[in-house]
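In what follows, a structure is listed as structure tokens, so that the remarks can point back to it.
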Amino acid sequence: MRRLLGEILVESGLSPERLKKALELQKKRGGRIGTLLIRLNFLTEAEVLDSLKGRLAKYKVPRSVVFADQLPRNAVRMQAADANGSGNVNIADAVYLFSFLFIGGQPPPWPYPECGAAPAPLPRTRTVSTAAGA
């Protein structure tokens with residue numbers, strides 16, 4: 001039987017009024033209910049994890065909670081995607097590449113052409129050996 005995080009937390013001692021406030025905020029702004037409850041200071045990370053430990057399978061309970069305002073980006077990949085060297089990755093990069101490829105426009109800046117050859121594609125089929133006589 002699937003249970004909602006809010007139900008589990010109310011059973012663990014969270015007041016229904018606080019859950020309702022967090023759910024209203026979730027409807028307005030989106031986001032995950034557990035994250036909202038922690039950011040509103042209605043619960044701590046430890047309280048959320050402790051409430052889940054007794055009610056979910058061990059492998060479903062996270063070991064820790066980490067908040068990040070922005071996910072890290074791979075700088076080299078972002079530079080490679082910035083075909084026109086503007087410092088941003090947007091539709092202008094695609095236009096710049098099409099201009100270079102099809103109408104003889106300027107070549108892209110570094111890492112082109114030093115970026116190397118594309119890796120060989122993986123085979124789409126695989127051979128499965130069976131035991132003799134099977």
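Please note that chains go A, B, ... in the order of the structure tokens, that every chain numbers its residues from 1, and that ligands are numbered from 1 in the order shown.
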Test item: residues at most 12 Å from Glu11 of chain A, only C-alpha atoms, excluding those fewer than 6 positions along its chain, as JSON, numbers by chain: {"A": [3, 4, 5, 19, 48, 51, 52, 54, 55]}
Residues of the last selection are to be written out with C-alpha atoms, as a compact mmCIF listing (two decimals), in the first residue's frame.
# COMPACT_ATOMS: atom_id res chain seq x y z
CA ARG A 3 1.42 6.06 1.62
CA LEU A 4 1.91 9.78 1.24
CA LEU A 5 4.80 11.47 3.02
CA LEU A 19 1.05 20.24 6.64
CA VAL A 48 11.89 13.66 8.50
CA SER A 51 9.82 9.40 10.84
CA LEU A 52 10.56 7.42 7.68
CA GLY A 54 10.16 2.98 11.13
CA ARG A 55 7.58 3.13 8.33
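The shell of residues at most 7 Å from Asn84 of chain A, with only C-alpha atoms counted and near chain neighbours (fewer than 2 positions) removed, consists of Asp82, Ser86, Asp93, Tyr96, Pro108 and Pro109 of chain A.
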Please produce a file of the residues just selected, as a PDB file, in the first residue's frame, where the atoms kept are N, CA and C atoms.
ATOM      1  N   ASP A  82      28.624  25.985 -26.061  1.00  0.00           N
ATOM      2  CA  ASP A  82      28.573  27.407 -26.398  1.00  0.00           C
ATOM      3  C   ASP A  82      29.320  27.624 -27.706  1.00  0.00           C
ATOM      4  N   SER A  86      29.574  33.100 -26.741  1.00  0.00           N
ATOM      5  CA  SER A  86      28.899  34.227 -26.084  1.00  0.00           C
ATOM      6  C   SER A  86      28.875  34.103 -24.565  1.00  0.00           C
ATOM      7  N   ASP A  93      23.508  29.452 -30.576  1.00  0.00           N
ATOM      8  CA  ASP A  93      24.578  28.474 -30.779  1.00  0.00           C
ATOM      9  C   ASP A  93      24.222  27.506 -31.902  1.00  0.00           C
ATOM     10  N   TYR A  96      24.593  29.351 -35.166  1.00  0.00           N
ATOM     11  CA  TYR A  96      26.021  29.500 -35.469  1.00  0.00           C
ATOM     12  C   TYR A  96      26.586  28.211 -36.054  1.00  0.00           C
ATOM     13  N   PRO A 108      33.588  27.192 -34.957  1.00  0.00           N
ATOM     14  CA  PRO A 108      33.379  27.435 -33.530  1.00  0.00           C
ATOM     15  C   PRO A 108      34.706  27.637 -32.798  1.00  0.00           C
ATOM     16  N   PRO A 109      34.698  28.359 -31.665  1.00  0.00           N
ATOM     17  CA  PRO A 109      35.909  28.540 -30.879  1.00  0.00           C
ATOM     18  C   PRO A 109      36.287  27.254 -30.143  1.00  0.00           C
TER      19      PRO A 109
END
Among listed residues A:Lys20, A:Lys28, A:Lys60, A:Arg39, nearest Glu7 of chain A (using only C-alpha atoms):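 Using only C-alpha atoms, Glu7 of chain A sits closest to A:Lys20.
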Atomic distance atom CA of Phe98 of chain A - atom CA of Gly85 of chain A, expressed in Å with one decimal: 14.8 Å
